[in-house]
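Asks: First, the structure itself, so that you have it in front of you.
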Amino acid sequence: VPFIAAVQISPEGHPVYAIFSRVKTFGKADVAQWALKHLAAASIVVSDGLNCFTAVQAAGAKHEPSVVGTARKSSAMPCFRWINTVLSNLKTATGGTYHAFNFDKYGFLYLA
């Protein structure tokens with residue numbers, strides 16, 4: 001199930017809100033629709049570099065990709081600290097109850 005997980009952080013770098021939204025695909029049209037619904041125009045969005053996240057600009061948000069790959073693990077990147085923490089907590093909480101939940105593919109998105 002493709003979904004966007006987003007965490008809003010305060011100016012001090014602390015998490016304020018988290019949202020998990022199911023999307024049909026990680027296509028630009030679906031991400032743009034999501035952004036128009038969930039982002040303020042002044043948002044600064046840090047993503048994992050998936051091309052579809054450039055579509056957040058449709059809502060007037062600024063996009064700052066931080067590419068994750070084989071050489072760069074998101075868990076070692078400070079900009080993904082809170083999204084990794086939230087997703088890890090979700091995985092731990094659901095792991096005992098829902099054994100079939102697949103965490104292999106998801107996109108990272110930060111909101112400021």
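Convention: chains lettered A, B, ... in structure tokens order; per-chain residue numbering from 1; ligands numbered from 1 as shown.
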Do you know which residues are at most 12 Å from Val7 in chain A counting only C-alpha atoms, after dropping those on the same chain fewer than 2 positions away, and could you put them as a ChimeraX atom specification?

Replies: /A:4-5,9-10,13-21,38-39,43-47,79-87,108-112

Asks: Could the residues in this selection be written to a file with N, CA and C atoms, as a compact mmCIF listing (two decimals), in the first residue's frame?

Replies:
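Listed below is the output, again15.txt:
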# COMPACT_ATOMS: atom_id res chain seq x y z
N ILE A 4 2.22 8.19 2.05
CA ILE A 4 3.15 9.26 2.37
C ILE A 4 3.12 9.44 3.87
N ALA A 5 4.29 9.38 4.47
CA ALA A 5 4.44 9.65 5.90
C ALA A 5 5.16 10.99 6.01
N ILE A 9 7.97 19.64 11.71
CA ILE A 9 8.87 19.93 12.83
C ILE A 9 8.83 21.42 13.14
N SER A 10 9.10 21.74 14.40
CA SER A 10 9.12 23.12 14.87
C SER A 10 10.42 23.79 14.41
N GLY A 13 13.37 22.18 15.67
CA GLY A 13 13.68 20.84 15.19
C GLY A 13 12.96 19.72 15.91
N HIS A 14 11.89 20.03 16.64
CA HIS A 14 11.13 19.02 17.35
C HIS A 14 9.87 18.67 16.57
N PRO A 15 9.43 17.41 16.65
CA PRO A 15 8.22 17.02 15.92
C PRO A 15 6.98 17.68 16.52
N VAL A 16 6.07 18.10 15.65
CA VAL A 16 4.83 18.73 16.07
C VAL A 16 3.65 17.85 15.69
N TYR A 17 3.58 17.48 14.42
CA TYR A 17 2.50 16.65 13.90
C TYR A 17 3.07 15.57 12.99
N ALA A 18 2.34 14.47 12.89
CA ALA A 18 2.67 13.43 11.92
C ALA A 18 1.39 13.07 11.17
N ILE A 19 1.55 12.73 9.92
CA ILE A 19 0.41 12.32 9.11
C ILE A 19 0.83 11.15 8.23
N PHE A 20 -0.08 10.22 8.09
CA PHE A 20 0.12 9.08 7.20
C PHE A 20 -1.05 9.08 6.23
N SER A 21 -0.76 9.22 4.96
CA SER A 21 -1.81 9.30 3.95
C SER A 21 -1.58 8.26 2.87
N HIS A 38 -2.76 18.91 1.96
CA HIS A 38 -2.12 18.83 3.27
C HIS A 38 -1.02 19.86 3.56
N LEU A 39 -0.57 20.61 2.56
CA LEU A 39 0.55 21.52 2.79
C LEU A 39 0.14 22.98 2.70
N SER A 43 5.38 25.94 3.22
CA SER A 43 6.07 24.74 3.70
C SER A 43 7.41 24.55 3.00
N ILE A 44 8.35 24.01 3.77
CA ILE A 44 9.62 23.56 3.21
C ILE A 44 9.60 22.05 3.35
N VAL A 45 9.69 21.36 2.23
CA VAL A 45 9.58 19.91 2.21
C VAL A 45 10.94 19.29 1.92
N VAL A 46 11.40 18.44 2.83
CA VAL A 46 12.62 17.68 2.62
C VAL A 46 12.20 16.24 2.33
N SER A 47 12.61 15.73 1.18
CA SER A 47 12.22 14.36 0.81
C SER A 47 13.47 13.51 0.58
N CYS A 79 18.56 14.79 8.77
CA CYS A 79 17.32 15.38 8.28
C CYS A 79 16.15 14.40 8.32
N PHE A 80 16.43 13.10 8.45
CA PHE A 80 15.37 12.09 8.51
C PHE A 80 15.20 11.50 9.91
N ARG A 81 15.77 12.15 10.91
CA ARG A 81 15.71 11.62 12.29
C ARG A 81 14.27 11.35 12.73
N TRP A 82 13.40 12.35 12.61
CA TRP A 82 12.05 12.20 13.17
C TRP A 82 11.17 11.29 12.34
N ILE A 83 11.28 11.32 11.03
CA ILE A 83 10.44 10.41 10.24
C ILE A 83 10.86 8.98 10.49
N ASN A 84 12.17 8.74 10.64
CA ASN A 84 12.62 7.39 10.95
C ASN A 84 12.15 6.95 12.33
N THR A 85 12.15 7.86 13.29
CA THR A 85 11.67 7.54 14.64
C THR A 85 10.18 7.20 14.61
N VAL A 86 9.39 8.03 13.92
CA VAL A 86 7.95 7.79 13.85
C VAL A 86 7.66 6.47 13.14
N LEU A 87 8.32 6.22 12.02
CA LEU A 87 8.09 4.97 11.29
C LEU A 87 8.57 3.76 12.08
N PHE A 108 10.07 9.12 2.06
CA PHE A 108 10.27 10.01 3.19
C PHE A 108 9.90 11.42 2.80
N LEU A 109 9.28 12.11 3.70
CA LEU A 109 8.88 13.49 3.45
C LEU A 109 8.87 14.22 4.77
N TYR A 110 9.52 15.36 4.83
CA TYR A 110 9.52 16.19 6.03
C TYR A 110 8.83 17.49 5.73
N LEU A 111 8.13 18.03 6.70
CA LEU A 111 7.46 19.32 6.56
C LEU A 111 8.00 20.28 7.59
N ALA A 112 8.18 21.51 7.19
CA ALA A 112 8.62 22.55 8.13
C ALA A 112 7.75 23.78 7.93

Asks: Quick one: distance from CA of Asn51 in chain A to CA of Thr94 in chain A in Å, one decimal?

Replies: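 If I compute the distance from CA of Asn51 in chain A to CA of Thr94 in chain A, I get 29.0 Å.
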
Asks: Range 56-103 of chain A: which residues are helix (DSSP H, G or I) by DSSP, as a list in words?

Replies: Val56, Gln57, Ala58, Ala59, Ser74, Ser75, Ala76, Pro78, Cys79, Phe80, Arg81, Trp82, Ile83, Asn84, Thr85, Val86, Leu87, Ser88, Asn89, Leu90, Lys91, Thr92, Ala93, Thr94 and Gly95 of chain A

Asks: Extract the full set of strand (DSSP E) residues from chain A according to DSSP on the backbone, and format it as a list in words.

Replies: Phe3, Ile4, Ala5, Ala6, Val7, Gln8, Ile9, Pro15, Val16, Tyr17, Ala18, Ile19, Phe20, Ser21, Arg22, Ile44, Val45, Val46, Ser47, Lys62, His63, Glu64, Pro65, Gly107, Phe108, Leu109, Tyr110 and Leu111 of chain A

Asks: Any chance you could export the current selection's N, CA, C and O atoms as a compact mmCIF listing (two decimals), in the first residue's frame?

Replies:
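The resulting selection_7.txt:
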# COMPACT_ATOMS: atom_id res chain seq x y z
N PHE A 3 1.99 4.90 0.64
CA PHE A 3 1.53 5.97 1.52
C PHE A 3 2.63 6.99 1.70
O PHE A 3 3.81 6.70 1.50
N ILE A 4 2.22 8.19 2.05
CA ILE A 4 3.15 9.26 2.37
C ILE A 4 3.12 9.44 3.87
O ILE A 4 2.06 9.60 4.47
N ALA A 5 4.29 9.38 4.47
CA ALA A 5 4.44 9.65 5.90
C ALA A 5 5.16 10.99 6.01
O ALA A 5 6.21 11.19 5.41
N ALA A 6 4.57 11.91 6.75
CA ALA A 6 5.14 13.24 6.87
C ALA A 6 5.15 13.66 8.33
O ALA A 6 4.23 13.34 9.08
N VAL A 7 6.19 14.39 8.71
CA VAL A 7 6.31 14.92 10.07
C VAL A 7 6.58 16.41 9.96
O VAL A 7 7.51 16.82 9.26
N GLN A 8 5.75 17.20 10.64
CA GLN A 8 6.02 18.63 10.73
C GLN A 8 6.93 18.84 11.92
O GLN A 8 6.70 18.29 13.00
N ILE A 9 7.97 19.64 11.71
CA ILE A 9 8.87 19.93 12.83
C ILE A 9 8.83 21.42 13.14
O ILE A 9 8.54 22.25 12.28
N PRO A 15 9.43 17.41 16.65
CA PRO A 15 8.22 17.02 15.92
C PRO A 15 6.98 17.68 16.52
O PRO A 15 6.87 17.82 17.74
N VAL A 16 6.07 18.10 15.65
CA VAL A 16 4.83 18.73 16.07
C VAL A 16 3.65 17.85 15.69
O VAL A 16 2.81 17.54 16.52
N TYR A 17 3.58 17.48 14.42
CA TYR A 17 2.50 16.65 13.90
C TYR A 17 3.07 15.57 12.99
O TYR A 17 4.12 15.76 12.39
N ALA A 18 2.34 14.47 12.89
CA ALA A 18 2.67 13.43 11.92
C ALA A 18 1.39 13.07 11.17
O ALA A 18 0.30 13.14 11.74
N ILE A 19 1.55 12.73 9.92
CA ILE A 19 0.41 12.32 9.11
C ILE A 19 0.83 11.15 8.23
O ILE A 19 1.96 11.09 7.76
N PHE A 20 -0.08 10.22 8.09
CA PHE A 20 0.12 9.08 7.20
C PHE A 20 -1.05 9.08 6.23
O PHE A 20 -2.19 8.99 6.66
N SER A 21 -0.76 9.22 4.96
CA SER A 21 -1.81 9.30 3.95
C SER A 21 -1.58 8.26 2.87
O SER A 21 -0.51 8.21 2.26
N ARG A 22 -2.60 7.46 2.64
CA ARG A 22 -2.53 6.49 1.54
C ARG A 22 -2.67 7.26 0.23
O ARG A 22 -3.49 8.17 0.12
N ILE A 44 8.35 24.01 3.77
CA ILE A 44 9.62 23.56 3.21
C ILE A 44 9.60 22.05 3.35
O ILE A 44 9.48 21.51 4.45
N VAL A 45 9.69 21.36 2.23
CA VAL A 45 9.58 19.91 2.21
C VAL A 45 10.94 19.29 1.92
O VAL A 45 11.56 19.59 0.91
N VAL A 46 11.40 18.44 2.83
CA VAL A 46 12.62 17.68 2.62
C VAL A 46 12.20 16.24 2.33
O VAL A 46 11.48 15.63 3.12
N SER A 47 12.61 15.73 1.18
CA SER A 47 12.22 14.36 0.81
C SER A 47 13.47 13.51 0.58
O SER A 47 14.59 14.02 0.57
N LYS A 62 8.28 24.66 -0.97
CA LYS A 62 9.66 24.56 -1.46
C LYS A 62 10.13 23.13 -1.25
O LYS A 62 9.92 22.55 -0.18
N HIS A 63 10.76 22.54 -2.26
CA HIS A 63 11.21 21.15 -2.18
C HIS A 63 12.72 21.10 -2.07
O HIS A 63 13.44 21.68 -2.87
N GLU A 64 13.20 20.39 -1.03
CA GLU A 64 14.62 20.20 -0.82
C GLU A 64 14.91 18.70 -0.75
O GLU A 64 14.77 18.08 0.31
N PRO A 65 15.30 18.09 -1.88
CA PRO A 65 15.58 16.65 -1.85
C PRO A 65 16.91 16.35 -1.16
O PRO A 65 17.86 17.11 -1.26
N GLY A 107 8.15 6.30 1.00
CA GLY A 107 8.89 7.52 0.73
C GLY A 107 9.02 8.36 1.98
O GLY A 107 8.17 8.29 2.86
N PHE A 108 10.07 9.12 2.06
CA PHE A 108 10.27 10.01 3.19
C PHE A 108 9.90 11.42 2.80
O PHE A 108 10.24 11.89 1.73
N LEU A 109 9.28 12.11 3.70
CA LEU A 109 8.88 13.49 3.45
C LEU A 109 8.87 14.22 4.77
O LEU A 109 8.29 13.75 5.74
N TYR A 110 9.52 15.36 4.83
CA TYR A 110 9.52 16.19 6.03
C TYR A 110 8.83 17.49 5.73
O TYR A 110 8.97 18.04 4.64
N LEU A 111 8.13 18.03 6.70
CA LEU A 111 7.46 19.32 6.56
C LEU A 111 8.00 20.28 7.59
O LEU A 111 8.26 19.89 8.72

Asks: Nearest to Val56 in chain A: which of A:Val1, A:Leu90, A:Met77, A:Ala42 is it, counting only C-alpha atoms?

Replies: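 Counting only C-alpha atoms, the residue closest to Val56 in chain A is A:Ala42.
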
Asks: Taking 4 positions as the minimum chain separation for residues in the same chain, which residues sit within 7 Å of Phe26 in chain A when counting only C-alpha atoms? Answer as a PyMOL selection string.

Replies: chain A and resi 30-31+52

Asks: If you keep all heavy atoms, can you produce a file of those selected residues as a short mmCIF file (atom, residue, chain, number, x, y, z; two decimals), in the first residue's frame?

Replies:
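Contents of result_7.cif, freshly written:
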data_model
loop_
_atom_site.label_atom_id
_atom_site.label_comp_id
_atom_site.auth_asym_id
_atom_site.auth_seq_id
_atom_site.Cartn_x
_atom_site.Cartn_y
_atom_site.Cartn_z
N ASP A 30 -0.59 12.23 -8.11
CA ASP A 30 -1.09 11.86 -6.78
C ASP A 30 -0.40 12.65 -5.68
O ASP A 30 -1.02 13.06 -4.70
CB ASP A 30 -0.93 10.36 -6.55
CG ASP A 30 -1.87 9.53 -7.40
OD1 ASP A 30 -2.96 10.03 -7.76
OD2 ASP A 30 -1.52 8.38 -7.72
N VAL A 31 0.91 12.87 -5.82
CA VAL A 31 1.64 13.63 -4.81
C VAL A 31 1.21 15.10 -4.83
O VAL A 31 1.04 15.72 -3.78
CB VAL A 31 3.16 13.48 -4.99
CG1 VAL A 31 3.93 14.41 -4.06
CG2 VAL A 31 3.58 12.03 -4.75
N CYS A 52 8.92 11.99 -7.70
CA CYS A 52 7.51 12.37 -7.54
C CYS A 52 7.33 13.49 -6.53
O CYS A 52 6.37 14.26 -6.61
CB CYS A 52 6.67 11.16 -7.14
SG CYS A 52 7.11 10.46 -5.54
#

Asks: Got a sec: who's within 7 Å of Val68 in chain A, counting only C-alpha atoms, leaving out chain neighbours fewer than 3 positions off, as a list in words?

Replies: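 Once the adjacent positions are removed, what remains is Asp48, Gly49, Arg72, Lys73 and Ser74 of chain A.
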
Asks: To one decimal in Å, tell me the separation between CA of Ala61 in chain A and CA of Val23 in chain A.

Replies: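 Between CA of Ala61 in chain A and CA of Val23 in chain A the gap works out to 18.7 Å.
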